[in-house]
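run.pdb, holding PDB, C-alpha atoms:
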MODEL        1
ATOM      1  CA  MET U  73       2.949  25.472  48.041
ATOM      2  CA  SER U  74       1.492  28.860  47.076
ATOM      3  CA  GLU U  75       3.781  31.067  45.067
ATOM      4  CA  HIS U  76       2.885  34.510  46.384
ATOM      5  CA  SER U  77       5.389  37.008  45.148
ATOM      6  CA  PRO U  78       6.656  39.330  47.872
ATOM      7  CA  GLU U  79       5.324  42.490  46.232
ATOM      8  CA  GLN U  80       1.745  41.251  46.401
ATOM      9  CA  SER U  81       0.064  42.556  49.548
ATOM     10  CA  PRO U  82      -2.141  40.174  51.569
ATOM     11  CA  GLN U  83      -5.046  42.521  50.764
ATOM     12  CA  TYR U  84      -4.496  42.038  47.034
ATOM     13  CA  ASP U  85      -4.368  38.267  47.516
ATOM     14  CA  ARG U  86      -7.648  38.192  49.414
ATOM     15  CA  GLU U  87      -9.370  40.138  46.658
ATOM     16  CA  ALA U  88      -7.936  37.886  43.964
ATOM     17  CA  ASP U  89      -8.990  34.820  45.980
ATOM     18  CA  ARG U  90     -12.508  36.157  46.317
ATOM     19  CA  ALA U  91     -12.690  36.719  42.552
ATOM     20  CA  VAL U  92     -11.602  33.114  41.933
ATOM     21  CA  VAL U  93     -14.264  31.785  44.324
ATOM     22  CA  ARG U  94     -16.919  34.027  42.752
ATOM     23  CA  ASP U  95     -16.105  32.751  39.248
ATOM     24  CA  ALA U  96     -16.051  29.161  40.521
ATOM     25  CA  LEU U  97     -19.483  29.546  42.117
ATOM     26  CA  GLY U  98     -20.916  31.087  38.936
ATOM     27  CA  VAL U  99     -19.663  28.265  36.739
ATOM     28  CA  GLY U 100     -20.509  25.658  39.377
ATOM     29  CA  ILE U 101     -24.117  26.746  39.759
ATOM     30  CA  GLY U 102     -24.672  27.162  36.007
ATOM     31  CA  VAL U 103     -23.231  23.765  35.138
ATOM     32  CA  GLY U 104     -24.717  22.030  38.177
ATOM     33  CA  LEU U 105     -28.233  23.067  37.193
ATOM     34  CA  TYR U 106     -28.163  21.235  33.918
ATOM     35  CA  GLY U 107     -27.938  17.988  35.857
ATOM     36  CA  VAL U 108     -31.722  18.240  35.586
ATOM     37  CA  THR U 109     -31.430  17.405  31.864
ATOM     38  CA  PHE U 110     -29.295  14.380  32.576
ATOM     39  CA  GLY U 111     -31.759  13.314  35.255
ATOM     40  CA  ALA U 112     -34.716  13.612  32.872
ATOM     41  CA  LEU U 113     -32.926  11.630  30.150
ATOM     42  CA  GLY U 114     -32.131   8.644  32.365
ATOM     43  CA  PRO U 115     -35.690   7.299  32.662
ATOM     44  CA  ALA U 116     -36.295   8.314  29.006
ATOM     45  CA  ALA U 117     -33.509   5.874  28.056
ATOM     46  CA  GLY U 118     -34.987   3.121  30.206
ATOM     47  CA  LEU U 119     -32.834   3.571  33.302
ATOM     48  CA  SER U 120     -34.405   3.550  36.757
ATOM     49  CA  VAL U 121     -34.274   6.636  38.969
ATOM     50  CA  TRP U 122     -31.656   4.882  41.139
ATOM     51  CA  GLN U 123     -29.457   3.977  38.163
ATOM     52  CA  THR U 124     -29.634   7.568  36.928
ATOM     53  CA  CYS U 125     -28.697   8.941  40.357
ATOM     54  CA  ALA U 126     -25.909   6.366  40.800
ATOM     55  CA  LEU U 127     -24.242   7.648  37.615
ATOM     56  CA  SER U 128     -24.239  11.254  38.823
ATOM     57  CA  PHE U 129     -23.012  10.299  42.294
ATOM     58  CA  LEU U 130     -20.377   7.700  41.389
ATOM     59  CA  ALA U 131     -19.288   8.404  37.806
ATOM     60  CA  PHE U 132     -19.755  12.200  38.079
ATOM     61  CA  THR U 133     -18.468  13.246  34.673
ATOM     62  CA  GLY U 134     -21.202  14.808  32.563
ATOM     63  CA  ALA U 135     -20.261  13.948  28.989
ATOM     64  CA  SER U 136     -19.597  10.299  29.901
ATOM     65  CA  GLN U 137     -22.947  10.047  31.694
ATOM     66  CA  PHE U 138     -24.768  11.527  28.684
ATOM     67  CA  ALA U 139     -22.873   9.107  26.421
ATOM     68  CA  PHE U 140     -23.953   6.020  28.383
ATOM     69  CA  VAL U 141     -27.574   7.153  28.416
ATOM     70  CA  GLY U 142     -27.421   8.164  24.740
ATOM     71  CA  VAL U 143     -26.136   4.774  23.585
ATOM     72  CA  VAL U 144     -28.643   2.851  25.712
ATOM     73  CA  ALA U 145     -31.479   5.129  24.512
ATOM     74  CA  SER U 146     -30.577   4.471  20.872
ATOM     75  CA  GLY U 147     -30.885   0.727  21.467
ATOM     76  CA  GLY U 148     -27.240  -0.071  22.179
ATOM     77  CA  SER U 149     -26.249  -2.629  24.814
ATOM     78  CA  PRO U 150     -25.268  -1.321  28.260
ATOM     79  CA  ILE U 151     -21.764  -2.669  27.639
ATOM     80  CA  ALA U 152     -21.429  -0.680  24.391
ATOM     81  CA  GLY U 153     -22.705   2.305  26.360
ATOM     82  CA  ALA U 154     -20.160   1.745  29.120
ATOM     83  CA  LEU U 155     -17.326   1.405  26.605
ATOM     84  CA  THR U 156     -18.252   4.694  24.907
ATOM     85  CA  SER U 157     -18.643   6.360  28.270
ATOM     86  CA  VAL U 158     -15.282   5.231  29.657
ATOM     87  CA  LEU U 159     -13.474   6.123  26.402
ATOM     88  CA  LEU U 160     -14.902   9.615  26.695
ATOM     89  CA  GLY U 161     -13.803   9.705  30.353
ATOM     90  CA  GLY U 162     -10.217   9.202  29.190
ATOM     91  CA  ARG U 163      -9.725  12.953  28.937
ATOM     92  CA  ASN U 164      -9.986  13.172  32.726
ATOM     93  CA  VAL U 165      -6.602  11.428  32.933
ATOM     94  CA  PHE U 166      -4.994  14.423  31.268
ATOM     95  CA  TYR U 167      -6.918  16.853  33.467
ATOM     96  CA  GLY U 168      -5.573  14.987  36.503
ATOM     97  CA  ILE U 169      -2.037  15.231  35.180
ATOM     98  CA  SER U 170      -2.301  18.982  34.650
ATOM     99  CA  MET U 171      -3.835  19.583  38.099
ATOM    100  CA  ALA U 172      -1.622  17.190  40.098
ATOM    101  CA  PRO U 173       1.327  19.620  40.558
ATOM    102  CA  HIS U 174      -1.044  22.238  42.009
ATOM    103  CA  LEU U 175      -3.056  19.834  44.160
ATOM    104  CA  GLN U 176      -0.190  17.805  45.693
ATOM    105  CA  VAL U 177      -2.594  15.307  47.265
ATOM    106  CA  ARG U 178      -1.692  11.944  48.815
ATOM    107  CA  GLY U 179      -3.436   9.145  50.673
ATOM    108  CA  TRP U 180      -7.171   9.479  51.267
ATOM    109  CA  ARG U 181      -7.152  13.098  50.045
ATOM    110  CA  ARG U 182      -6.078  11.907  46.604
ATOM    111  CA  TRP U 183      -8.924   9.365  46.515
ATOM    112  CA  VAL U 184     -11.495  12.033  47.333
ATOM    113  CA  THR U 185      -9.964  14.755  45.142
ATOM    114  CA  ALA U 186      -9.817  12.416  42.131
ATOM    115  CA  HIS U 187     -13.609  12.313  42.057
ATOM    116  CA  LEU U 188     -13.716  16.081  41.442
ATOM    117  CA  VAL U 189     -11.459  15.962  38.351
ATOM    118  CA  ILE U 190     -13.845  17.037  35.554
ATOM    119  CA  ASP U 191     -13.850  19.516  32.642
ATOM    120  CA  GLU U 192     -15.051  22.528  34.582
ATOM    121  CA  SER U 193     -13.051  22.125  37.809
ATOM    122  CA  THR U 194      -9.879  21.718  35.757
ATOM    123  CA  ALA U 195     -10.716  24.682  33.527
ATOM    124  CA  MET U 196     -11.336  26.893  36.562
ATOM    125  CA  GLY U 197      -8.157  25.683  38.277
ATOM    126  CA  VAL U 198      -5.429  25.179  35.746
ATOM    127  CA  THR U 199      -5.407  28.743  34.360
ATOM    128  CA  ARG U 200      -4.640  30.438  37.707
ATOM    129  CA  PRO U 201      -1.321  32.206  38.287
ATOM    130  CA  THR U 202      -0.607  30.514  41.643
ATOM    131  CA  SER U 203      -1.133  26.967  42.941
ATOM    132  CA  HIS U 204      -3.114  28.395  45.859
ATOM    133  CA  GLN U 205      -5.613  29.960  43.454
ATOM    134  CA  ALA U 206      -5.574  26.875  41.242
ATOM    135  CA  ARG U 207      -6.707  24.835  44.262
ATOM    136  CA  LEU U 208      -9.361  27.403  45.194
ATOM    137  CA  GLY U 209     -10.810  27.397  41.666
ATOM    138  CA  PHE U 210     -10.643  23.623  41.365
ATOM    139  CA  TYR U 211     -12.244  22.708  44.709
ATOM    140  CA  TRP U 212     -14.911  25.434  44.775
ATOM    141  CA  THR U 213     -15.988  24.576  41.220
ATOM    142  CA  GLY U 214     -15.812  20.801  41.698
ATOM    143  CA  ILE U 215     -17.645  20.679  45.030
ATOM    144  CA  THR U 216     -20.341  23.169  43.939
ATOM    145  CA  ILE U 217     -21.053  21.186  40.784
ATOM    146  CA  PHE U 218     -21.028  17.868  42.667
ATOM    147  CA  LEU U 219     -23.633  19.033  45.174
ATOM    148  CA  ILE U 220     -25.978  20.748  42.700
ATOM    149  CA  TRP U 221     -25.513  18.154  39.931
ATOM    150  CA  ASN U 222     -26.655  15.334  42.214
ATOM    151  CA  VAL U 223     -29.684  17.199  43.569
ATOM    152  CA  THR U 224     -30.813  18.294  40.080
ATOM    153  CA  THR U 225     -30.205  14.790  38.678
ATOM    154  CA  ALA U 226     -32.550  13.322  41.279
ATOM    155  CA  ALA U 227     -35.175  16.005  40.599
ATOM    156  CA  GLY U 228     -34.912  15.479  36.830
ATOM    157  CA  ALA U 229     -35.032  11.690  37.134
ATOM    158  CA  ILE U 230     -38.159  11.749  39.291
ATOM    159  CA  ALA U 231     -39.828  14.240  36.918
ATOM    160  CA  GLY U 232     -38.696  12.288  33.835
ATOM    161  CA  ASP U 233     -40.003   9.077  35.338
ATOM    162  CA  ALA U 234     -43.403  10.747  35.825
ATOM    163  CA  ILE U 235     -43.574  12.232  32.299
ATOM    164  CA  GLY U 236     -43.612   8.813  30.670
ATOM    165  CA  ASP U 237     -43.300   9.518  26.933
ATOM    166  CA  PRO U 238     -40.043  11.442  26.453
ATOM    167  CA  GLU U 239     -40.487  11.804  22.685
ATOM    168  CA  ALA U 240     -43.749  13.719  23.074
ATOM    169  CA  ILE U 241     -41.847  16.611  24.642
ATOM    170  CA  GLY U 242     -38.914  16.316  22.222
ATOM    171  CA  LEU U 243     -36.347  15.023  24.728
ATOM    172  CA  ASP U 244     -34.626  12.929  22.031
ATOM    173  CA  GLY U 245     -33.978  16.120  20.066
ATOM    174  CA  ALA U 246     -32.604  17.715  23.229
ATOM    175  CA  VAL U 247     -30.104  14.850  23.676
ATOM    176  CA  ALA U 248     -28.656  15.498  20.211
ATOM    177  CA  ALA U 249     -28.521  19.188  21.116
ATOM    178  CA  ALA U 250     -26.732  18.373  24.389
ATOM    179  CA  PHE U 251     -23.995  16.439  22.599
ATOM    180  CA  LEU U 252     -23.650  19.249  20.073
ATOM    181  CA  GLY U 253     -23.354  21.736  22.947
ATOM    182  CA  LEU U 254     -20.536  19.666  24.466
ATOM    183  CA  LEU U 255     -18.822  19.323  21.070
ATOM    184  CA  TRP U 256     -19.148  22.977  19.995
ATOM    185  CA  PRO U 257     -16.350  24.556  22.086
ATOM    186  CA  ARG U 258     -13.941  21.878  20.811
ATOM    187  CA  LEU U 259     -14.505  22.819  17.157
ATOM    188  CA  ASP U 260     -11.950  25.603  17.472
ATOM    189  CA  SER U 261      -9.424  24.433  14.875
ATOM    190  CA  PRO U 262      -9.515  23.151  11.278
ATOM    191  CA  VAL U 263      -8.286  19.770  12.549
ATOM    192  CA  THR U 264     -11.099  19.246  15.066
ATOM    193  CA  ARG U 265     -13.717  20.522  12.592
ATOM    194  CA  THR U 266     -12.488  18.103   9.919
ATOM    195  CA  VAL U 267     -12.428  15.192  12.379
ATOM    196  CA  ALA U 268     -15.993  15.997  13.427
ATOM    197  CA  VAL U 269     -17.248  16.017   9.821
ATOM    198  CA  VAL U 270     -15.405  12.787   8.926
ATOM    199  CA  VAL U 271     -16.679  11.021  12.045
ATOM    200  CA  VAL U 272     -20.284  12.125  11.488
ATOM    201  CA  ALA U 273     -20.155  10.716   7.942
ATOM    202  CA  LEU U 274     -18.482   7.501   9.114
ATOM    203  CA  ALA U 275     -20.948   6.954  11.965
ATOM    204  CA  LEU U 276     -23.966   7.435   9.676
ATOM    205  CA  LEU U 277     -22.457   5.087   7.072
ATOM    206  CA  LEU U 278     -22.022   2.423   9.755
ATOM    207  CA  VAL U 279     -25.555   2.700  11.180
ATOM    208  CA  PRO U 280     -27.212   0.244   8.726
ATOM    209  CA  PHE U 281     -24.472  -2.383   9.078
ATOM    210  CA  THR U 282     -23.636  -2.506  12.790
ATOM    211  CA  ALA U 283     -25.345  -2.972  16.139
ATOM    212  CA  PRO U 284     -26.538   0.221  17.875
ATOM    213  CA  GLY U 285     -23.685   1.819  19.798
ATOM    214  CA  VAL U 286     -20.982   0.423  17.549
ATOM    215  CA  PRO U 287     -20.923   3.444  15.172
ATOM    216  CA  ILE U 288     -20.200   5.642  18.191
ATOM    217  CA  ILE U 289     -17.310   3.540  19.456
ATOM    218  CA  LEU U 290     -15.800   3.173  15.970
ATOM    219  CA  GLY U 291     -16.270   6.911  15.419
ATOM    220  CA  GLY U 292     -14.322   7.681  18.575
ATOM    221  CA  LEU U 293     -11.578   5.221  17.688
ATOM    222  CA  SER U 294     -11.284   6.572  14.150
ATOM    223  CA  ALA U 295     -10.416   9.884  15.789
ATOM    224  CA  VAL U 296      -7.356   8.152  17.276
ATOM    225  CA  ALA U 297      -6.169   7.288  13.762
ATOM    226  CA  LEU U 298      -6.896  10.799  12.502
ATOM    227  CA  GLY U 299      -5.110  12.226  15.559
ATOM    228  CA  LEU U 300      -1.966  10.241  14.749
ATOM    229  CA  VAL U 301      -2.006  11.417  11.137
ATOM    230  CA  TRP U 302      -2.951  15.063  11.631
ATOM    231  CA  GLY U 303      -1.770  15.664  15.184
ATOM    232  CA  GLY U 304       1.792  15.147  14.039
ATOM    233  CA  ARG U 305       1.481  17.483  11.104
ATOM    234  CA  ARG U 306       0.152  20.226  13.356
ATOM    235  CA  ASP U 307       2.987  19.775  15.853
ATOM    236  CA  ASP U 308       5.876  19.654  13.414
TER     237      ASP U 308
ATOM    238  CA  MET C 125     -28.368  -7.624  38.713
ATOM    239  CA  THR C 126     -29.702  -6.499  35.353
ATOM    240  CA  ASP C 127     -27.532  -5.693  32.335
ATOM    241  CA  VAL C 128     -28.157  -1.985  32.819
ATOM    242  CA  TRP C 129     -26.848  -2.133  36.399
ATOM    243  CA  TRP C 130     -23.674  -3.862  35.163
ATOM    244  CA  GLY C 131     -23.271  -1.096  32.582
ATOM    245  CA  VAL C 132     -23.781   1.603  35.226
ATOM    246  CA  LEU C 133     -21.247  -0.100  37.480
ATOM    247  CA  ALA C 134     -18.691  -0.344  34.652
ATOM    248  CA  VAL C 135     -19.119   3.381  33.890
ATOM    249  CA  CYS C 136     -18.704   4.345  37.557
ATOM    250  CA  VAL C 137     -15.629   2.179  38.163
ATOM    251  CA  GLY C 138     -14.027   2.994  34.801
ATOM    252  CA  CYS C 139     -14.520   6.760  34.990
ATOM    253  CA  TYR C 140     -13.303   6.986  38.596
ATOM    254  CA  ALA C 141     -10.246   4.852  37.831
ATOM    255  CA  LEU C 142      -9.293   7.217  34.984
ATOM    256  CA  LYS C 143      -9.615  10.273  37.236
ATOM    257  CA  LEU C 144      -7.482   8.620  39.924
ATOM    258  CA  ALA C 145      -4.901   7.547  37.336
ATOM    259  CA  GLY C 146      -4.420  11.157  36.240
ATOM    260  CA  LEU C 147      -3.491  12.199  39.792
ATOM    261  CA  SER C 148      -1.367   9.115  40.445
ATOM    262  CA  VAL C 149       0.597   8.193  37.347
ATOM    263  CA  PRO C 150       3.949   9.915  36.773
ATOM    264  CA  ALA C 151       3.348  12.596  34.139
ATOM    265  CA  VAL C 152       6.163  11.408  31.850
ATOM    266  CA  VAL C 153       4.326   8.173  31.055
ATOM    267  CA  LEU C 154       1.167   9.856  29.814
ATOM    268  CA  GLU C 155       2.620  13.062  28.445
ATOM    269  CA  HIS C 156       4.515  10.978  25.917
ATOM    270  CA  ARG C 157       3.976  12.568  22.521
ATOM    271  CA  PHE C 158       2.444   9.444  21.018
ATOM    272  CA  THR C 159      -0.159   9.122  23.792
ATOM    273  CA  VAL C 160      -1.096  12.773  23.608
ATOM    274  CA  ARG C 161      -1.504  12.695  19.833
ATOM    275  CA  ALA C 162      -3.430   9.431  19.854
ATOM    276  CA  THR C 163      -5.923  10.536  22.466
ATOM    277  CA  ALA C 164      -6.283  14.279  21.862
ATOM    278  CA  LEU C 165      -9.088  13.867  19.346
ATOM    279  CA  ILE C 166     -11.081  11.103  21.071
ATOM    280  CA  PRO C 167     -13.567  13.474  22.768
ATOM    281  CA  VAL C 168     -14.242  15.283  19.472
ATOM    282  CA  GLY C 169     -14.671  11.963  17.652
ATOM    283  CA  LEU C 170     -16.998  10.445  20.231
ATOM    284  CA  LEU C 171     -19.121  13.560  20.634
ATOM    285  CA  ALA C 172     -19.448  14.012  16.858
ATOM    286  CA  ALA C 173     -20.516  10.370  16.513
ATOM    287  CA  LEU C 174     -22.997  10.795  19.377
ATOM    288  CA  VAL C 175     -24.516  13.877  17.702
ATOM    289  CA  ALA C 176     -24.900  11.999  14.401
ATOM    290  CA  VAL C 177     -26.401   8.854  15.911
ATOM    291  CA  GLN C 178     -28.661  10.693  18.322
ATOM    292  CA  ALA C 179     -29.991  12.973  15.584
ATOM    293  CA  ALA C 180     -30.371  10.637  12.626
ATOM    294  CA  ALA C 181     -30.083   6.951  13.555
ATOM    295  CA  GLY C 182     -33.162   4.742  13.602
ATOM    296  CA  ASP C 183     -33.385   0.973  13.811
ATOM    297  CA  ARG C 184     -30.385   0.140  11.611
ATOM    298  CA  GLU C 185     -31.184   2.936   9.186
ATOM    299  CA  VAL C 186     -30.566   6.633   8.828
ATOM    300  CA  VAL C 187     -33.809   8.549   9.289
ATOM    301  CA  ILE C 188     -34.648  12.196   8.788
ATOM    302  CA  ASP C 189     -37.248  13.230  11.370
ATOM    303  CA  ALA C 190     -38.191  15.860  13.934
ATOM    304  CA  ARG C 191     -34.906  15.430  15.808
ATOM    305  CA  LEU C 192     -33.131  17.233  12.972
ATOM    306  CA  ALA C 193     -35.274  20.311  13.677
ATOM    307  CA  GLY C 194     -34.077  20.139  17.278
ATOM    308  CA  LEU C 195     -30.465  19.937  16.120
ATOM    309  CA  ALA C 196     -30.890  22.863  13.703
ATOM    310  CA  THR C 197     -32.376  24.888  16.562
ATOM    311  CA  ALA C 198     -29.370  23.967  18.701
ATOM    312  CA  VAL C 199     -26.960  25.196  16.003
ATOM    313  CA  ALA C 200     -28.826  28.515  15.823
ATOM    314  CA  CYS C 201     -28.744  28.816  19.631
ATOM    315  CA  LEU C 202     -25.011  28.049  19.797
ATOM    316  CA  LEU C 203     -24.263  30.620  17.093
ATOM    317  CA  VAL C 204     -25.943  33.384  19.111
ATOM    318  CA  ARG C 205     -24.563  32.032  22.409
ATOM    319  CA  VAL C 206     -27.809  31.073  24.107
ATOM    320  CA  PRO C 207     -27.061  29.477  27.533
ATOM    321  CA  PHE C 208     -26.803  25.671  27.512
ATOM    322  CA  LEU C 209     -29.959  24.902  29.480
ATOM    323  CA  LEU C 210     -32.096  27.298  27.438
ATOM    324  CA  MET C 211     -30.688  25.811  24.225
ATOM    325  CA  LEU C 212     -31.861  22.356  25.331
ATOM    326  CA  VAL C 213     -35.343  23.678  26.071
ATOM    327  CA  PHE C 214     -35.565  25.299  22.608
ATOM    328  CA  ALA C 215     -34.237  22.151  20.919
ATOM    329  CA  ALA C 216     -36.772  19.955  22.737
ATOM    330  CA  ALA C 217     -39.604  22.374  21.899
ATOM    331  CA  ALA C 218     -38.630  22.460  18.200
ATOM    332  CA  THR C 219     -38.468  18.651  18.071
ATOM    333  CA  ALA C 220     -41.840  18.274  19.783
ATOM    334  CA  LEU C 221     -43.510  20.913  17.569
ATOM    335  CA  VAL C 222     -42.280  19.421  14.284
ATOM    336  CA  ARG C 223     -43.379  15.998  15.526
ATOM    337  CA  LEU C 224     -46.901  17.332  16.199
ATOM    338  CA  VAL C 225     -47.260  18.764  12.702
TER     339      VAL C 225
ENDMDL
END

Produce structure tokens that represent the structure in this file.
Amino acid sequence: MSEHSPEQSPQYDREADRAVVRDALGVGIGVGLYGVTFGALGPAAGLSVWQTCALSFLAFTGASQFAFVGVVASGGSPIAGALTSVLLGGRNVFYGISMAPHLQVRGWRRWVTAHLVIDESTAMGVTRPTSHQARLGFYWTGITIFLIWNVTTAAGAIAGDAIGDPEAIGLDGAVAAAFLGLLWPRLDSPVTRTVAVVVVALALLLVPFTAPGVPIILGGLSAVALGLVWGGRRDD
Amino acid sequence: MTDVWWGVLAVCVGCYALKLAGLSVPAVVLEHRFTVRATALIPVGLLAALVAVQAAAGDREVVIDARLAGLATAVACLLVRVPFLLMLVFAAAATALVRLV
């Protein structure tokens, strides 16, 4: 499947491969470590250590995990939390589509590989010049994050469980900061910036009139409407 | 099982199913222009709503409290490109300090 051009020497390829793995490890370790924040937030939101760890092991998609915990922490029902979380996980479908031609996985390999389809593994894979390097970047990043993310989640959850009062150390402020940190890189166009401002206003307007969690779901869905209106104008 | 466990289970099953769908479904179905346009802004919308609610929502009311100091700290950190984990530490510290005062 790899598309090595004939003029590239094997030596050159090995060096390029090593650079891809090095980058993947750097991103993987950096991202994996902040699983400790997710771990600490779980018990703060009222989840048990096991529930917190189950999310990192089985859902394994950071923003969606934070979303579930965030909604539950703000008093929303677990079902509202799950709905928000799964809606946010929808982007992984498109990551899968963009990686599928490089991965070419079938049978049990597809079932295992699917679990590694997240923001960072896709970002470190999809930009590579060859499918061979795309796979290297994807798997090294995905597996590194999976291993570290789960260990740090457990550590954070046990520590968070022991701390007791999360608000005394400002963890609720850190959750807002975490969502902002995830949102920030997406605010790279006038369209996304406008959507963000409109949705913030809409969500705050809805807070007094709806059950906790509902402003978040309606905010996300209003982005669908805005996407249909503005997405077209940007394309045409 | 408690409600929270059902929620956790729904998240795990739902998120995995979406990942698997991306690797399994023929690209033409989901790369349809309408689907792409309709869904492209969902992450931005959800994350913006999560920021707003997490920073300023109380029990069915909008409240201005120490969390806003944490958020302002986060903005400052993001502007000068402080690493993610460090930004969270600063934001938590700012929230806790303002709450003490």

Worksheet item: Contacts of Pro238 of chain U at 7 Å or less, counting all atoms listed in the file, minus same-chain residues fewer than 4 places along, as a VMD selection string?
Response: chain U and resid 116 242 to 243

Counting only C-alpha atoms, collect the residues of chain C whose closest atom lies at most 7 Å from chain U, and write them out as a PDB file with C-alpha atoms, keeping the file's coordinate frame.
ATOM      1  CA  ASP C 127     -27.532  -5.693  32.335  1.00  0.00           C
ATOM      2  CA  VAL C 128     -28.157  -1.985  32.819  1.00  0.00           C
ATOM      3  CA  TRP C 129     -26.848  -2.133  36.399  1.00  0.00           C
ATOM      4  CA  GLY C 131     -23.271  -1.096  32.582  1.00  0.00           C
ATOM      5  CA  VAL C 132     -23.781   1.603  35.226  1.00  0.00           C
ATOM      6  CA  ALA C 134     -18.691  -0.344  34.652  1.00  0.00           C
ATOM      7  CA  VAL C 135     -19.119   3.381  33.890  1.00  0.00           C
ATOM      8  CA  CYS C 136     -18.704   4.345  37.557  1.00  0.00           C
ATOM      9  CA  GLY C 138     -14.027   2.994  34.801  1.00  0.00           C
ATOM     10  CA  CYS C 139     -14.520   6.760  34.990  1.00  0.00           C
ATOM     11  CA  TYR C 140     -13.303   6.986  38.596  1.00  0.00           C
ATOM     12  CA  LEU C 142      -9.293   7.217  34.984  1.00  0.00           C
ATOM     13  CA  LYS C 143      -9.615  10.273  37.236  1.00  0.00           C
ATOM     14  CA  LEU C 144      -7.482   8.620  39.924  1.00  0.00           C
ATOM     15  CA  ALA C 145      -4.901   7.547  37.336  1.00  0.00           C
ATOM     16  CA  GLY C 146      -4.420  11.157  36.240  1.00  0.00           C
ATOM     17  CA  LEU C 147      -3.491  12.199  39.792  1.00  0.00           C
ATOM     18  CA  ALA C 151       3.348  12.596  34.139  1.00  0.00           C
ATOM     19  CA  ARG C 161      -1.504  12.695  19.833  1.00  0.00           C
ATOM     20  CA  ALA C 162      -3.430   9.431  19.854  1.00  0.00           C
ATOM     21  CA  THR C 163      -5.923  10.536  22.466  1.00  0.00           C
ATOM     22  CA  ALA C 164      -6.283  14.279  21.862  1.00  0.00           C
ATOM     23  CA  LEU C 165      -9.088  13.867  19.346  1.00  0.00           C
ATOM     24  CA  ILE C 166     -11.081  11.103  21.071  1.00  0.00           C
ATOM     25  CA  PRO C 167     -13.567  13.474  22.768  1.00  0.00           C
ATOM     26  CA  VAL C 168     -14.242  15.283  19.472  1.00  0.00           C
ATOM     27  CA  GLY C 169     -14.671  11.963  17.652  1.00  0.00           C
ATOM     28  CA  LEU C 170     -16.998  10.445  20.231  1.00  0.00           C
ATOM     29  CA  LEU C 171     -19.121  13.560  20.634  1.00  0.00           C
ATOM     30  CA  ALA C 172     -19.448  14.012  16.858  1.00  0.00           C
ATOM     31  CA  ALA C 173     -20.516  10.370  16.513  1.00  0.00           C
ATOM     32  CA  LEU C 174     -22.997  10.795  19.377  1.00  0.00           C
ATOM     33  CA  VAL C 175     -24.516  13.877  17.702  1.00  0.00           C
ATOM     34  CA  ALA C 176     -24.900  11.999  14.401  1.00  0.00           C
ATOM     35  CA  VAL C 177     -26.401   8.854  15.911  1.00  0.00           C
ATOM     36  CA  GLN C 178     -28.661  10.693  18.322  1.00  0.00           C
ATOM     37  CA  ALA C 179     -29.991  12.973  15.584  1.00  0.00           C
ATOM     38  CA  ALA C 181     -30.083   6.951  13.555  1.00  0.00           C
ATOM     39  CA  ARG C 184     -30.385   0.140  11.611  1.00  0.00           C
ATOM     40  CA  GLU C 185     -31.184   2.936   9.186  1.00  0.00           C
ATOM     41  CA  VAL C 186     -30.566   6.633   8.828  1.00  0.00           C
ATOM     42  CA  ARG C 191     -34.906  15.430  15.808  1.00  0.00           C
ATOM     43  CA  GLY C 194     -34.077  20.139  17.278  1.00  0.00           C
ATOM     44  CA  LEU C 195     -30.465  19.937  16.120  1.00  0.00           C
ATOM     45  CA  ALA C 198     -29.370  23.967  18.701  1.00  0.00           C
ATOM     46  CA  PHE C 208     -26.803  25.671  27.512  1.00  0.00           C
ATOM     47  CA  LEU C 209     -29.959  24.902  29.480  1.00  0.00           C
ATOM     48  CA  LEU C 212     -31.861  22.356  25.331  1.00  0.00           C
ATOM     49  CA  ALA C 215     -34.237  22.151  20.919  1.00  0.00           C
ATOM     50  CA  ALA C 216     -36.772  19.955  22.737  1.00  0.00           C
ATOM     51  CA  ALA C 217     -39.604  22.374  21.899  1.00  0.00           C
ATOM     52  CA  THR C 219     -38.468  18.651  18.071  1.00  0.00           C
ATOM     53  CA  ALA C 220     -41.840  18.274  19.783  1.00  0.00           C
TER      54      ALA C 220
END

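Proximity to Ala88 of chain U was assessed for U:Ala195, U:Pro115, U:His174, U:Arg200 counting only C-alpha atoms; the smallest distance is recorded for U:Arg200.
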
Taking all atoms of segment 126-137 of chain U that the file lists and extending 6 Å past them on each side, where is the centre of the axis-aligned box and how long are its edges? Answer in Å to one decimal, as JSON.
{"center_x": -22.2, "center_y": 10.6, "center_z": 35.6, "size_x": 19.4, "size_y": 20.4, "size_z": 25.3}

Discussion item. As an exercise, work out the distance from atom CA of Thr159 of chain C to atom CA of Phe210 of chain U in Å and give it to one decimal place.
Written reply: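 Atom CA of Thr159 of chain C sits 25.1 Å away from atom CA of Phe210 of chain U.
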
Practice prompt. Between atom CA of Leu113 of chain U and atom CA of Ala200 of chain C, measure the distance and give it in Å to one decimal.
Written response: 22.5 Å

Worksheet entry | For atom CA of Gly104 of chain U and atom CA of Met211 of chain C, the interatomic separation in Å (one decimal) |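 Distance reported for this atom pair: 15.6 Å.
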